[in-house]
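Chemist: Okay, here's the structure, questions in a sec.
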Amino acid sequence: MLKLGVILTDKGSKYAVSGSPVGSRAEIDAALKELKRDKSYAKATHNTWGALLAEEGAIKADDGESGAGMVILRMLEHEALMGHLVVVTRWYGGKHLGGDRFRHVQTCVRAYLDAL
């Protein structure tokens with residue numbers, strides 16, 4: 001799994017991005033389990049993810065960060081990146097970010113796509 005670490009901070013919240021090639025939901029679950037072996041990721045407020053799979057289509061999870069999974073999926077669809085899991089992790093800093101949180105998710109996904 002490629003972990004780029006903390007990409008940005010805003011009002012105390014920290015955002016990181018990770019990902020790996022996957023071919024099935026079972027591989028997604030295994031990759032998420034591997035990511036959460038790192039205690040800091042396991043204790044994160046949100047581990048939002050999305051993936052485009054050949055057989056299962058677009059799948060995502062918001063992990064309490066409503067709408068963030070769809071932001072990831074839209075970017076993956078725009079890039080036509082099939083068979084790849086992208087996880088945006090947020091450690092909540094105590095202050096609500098409103099709509100900025102979606103821009104931060106986009107920034108993280110863009111950093112990941114640029115690193116491929």
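Identifiers for the structure tokens are assigned positionally: chains receive A, B, ... in sequence, residues are indexed from 1 per chain, and ligands are indexed from 1 in the order shown.
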Write out as a ChimeraX atom specification each polymer residue whose atoms come within 7 Å of Ala68 (chain A), counting only C-alpha atoms; drop sequence neighbours fewer than 3 positions from it.
Modeler: /A:48,62,65,71-72,102,105
Chemist: Export C-alpha atoms of the chosen residues as a short mmCIF file (atom, residue, chain, number, x, y, z; two decimals), in the first residue's frame?
Modeler:
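result03.cif, freshly written:
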```
data_model
loop_
_atom_site.label_atom_id
_atom_site.label_comp_id
_atom_site.auth_asym_id
_atom_site.auth_seq_id
_atom_site.Cartn_x
_atom_site.Cartn_y
_atom_site.Cartn_z
CA THR A 48 -13.07 7.36 3.64
CA ASP A 62 -17.85 7.50 3.86
CA GLU A 65 -17.58 11.78 6.55
CA VAL A 71 -15.90 12.79 -4.18
CA ILE A 72 -13.23 10.07 -4.38
CA PHE A 102 -14.65 18.26 0.17
CA VAL A 105 -10.54 15.31 -0.03
#
```
Chemist: Contacts of region 9-25 of chain A at 8 Å or less, counting only C-alpha atoms, minus same-chain residues fewer than 4 places along, as a PyMOL selection string?
Modeler: chain A and resi 1-5+29+31+53-56+83-95+97+104-105+108-109+111-112
Chemist: Write the residues of the selection above to a file with C-alpha atoms, as a PDB file, in the first residue's frame.
Modeler:
```pdb
ATOM      1  CA  MET A   1       0.000   0.000   0.000  1.00  0.00           C
ATOM      2  CA  LEU A   2       1.274   3.449  -0.937  1.00  0.00           C
ATOM      3  CA  LYS A   3       0.907   5.876   1.999  1.00  0.00           C
ATOM      4  CA  LEU A   4       1.663   9.500   1.232  1.00  0.00           C
ATOM      5  CA  GLY A   5       1.081  10.586   4.831  1.00  0.00           C
ATOM      6  CA  ASP A  29     -10.960  -5.233   2.957  1.00  0.00           C
ATOM      7  CA  ALA A  31      -5.869  -3.353   2.134  1.00  0.00           C
ATOM      8  CA  LEU A  53     -13.845  -2.497  -9.797  1.00  0.00           C
ATOM      9  CA  ALA A  54     -14.376  -4.306 -13.088  1.00  0.00           C
ATOM     10  CA  GLU A  55     -17.031  -6.708 -11.786  1.00  0.00           C
ATOM     11  CA  GLU A  56     -18.534  -4.892  -8.808  1.00  0.00           C
ATOM     12  CA  GLY A  83      -8.955  -1.504  -9.951  1.00  0.00           C
ATOM     13  CA  HIS A  84      -7.444   0.941  -7.500  1.00  0.00           C
ATOM     14  CA  LEU A  85      -8.419   1.752  -3.908  1.00  0.00           C
ATOM     15  CA  VAL A  86      -7.919   5.328  -2.676  1.00  0.00           C
ATOM     16  CA  VAL A  87      -8.305   6.074   1.046  1.00  0.00           C
ATOM     17  CA  VAL A  88      -8.476   9.605   2.456  1.00  0.00           C
ATOM     18  CA  THR A  89      -7.867   9.670   6.203  1.00  0.00           C
ATOM     19  CA  ARG A  90      -8.924  12.533   8.471  1.00  0.00           C
ATOM     20  CA  TRP A  91      -7.976  13.166  12.053  1.00  0.00           C
ATOM     21  CA  TYR A  92     -10.597  15.637  13.337  1.00  0.00           C
ATOM     22  CA  GLY A  93      -9.131  18.777  14.855  1.00  0.00           C
ATOM     23  CA  GLY A  94     -12.130  19.980  16.846  1.00  0.00           C
ATOM     24  CA  LYS A  95     -13.527  22.567  14.418  1.00  0.00           C
ATOM     25  CA  LEU A  97     -14.742  22.662   8.174  1.00  0.00           C
ATOM     26  CA  HIS A 104      -9.434  18.793   1.093  1.00  0.00           C
ATOM     27  CA  VAL A 105     -10.536  15.313  -0.034  1.00  0.00           C
ATOM     28  CA  CYS A 108      -5.587  14.457  -1.217  1.00  0.00           C
ATOM     29  CA  VAL A 109      -6.877  12.347  -4.107  1.00  0.00           C
ATOM     30  CA  ALA A 111      -1.823  14.192  -4.674  1.00  0.00           C
ATOM     31  CA  TYR A 112      -2.265  10.425  -4.797  1.00  0.00           C
TER      32      TYR A 112
END
```
Chemist: Closest to Leu52 (chain A) among A:His96, A:Arg74, A:Lys36, A:Arg110, using only C-alpha atoms?
Modeler: A:Arg74
Chemist: Among chain A, which ones does DSSP assign to helix (DSSP H, G or I) (computed from the backbone)? Answer as a PyMOL selection string.
Modeler: chain A and resi 25-35+39-42+68-79+100-115
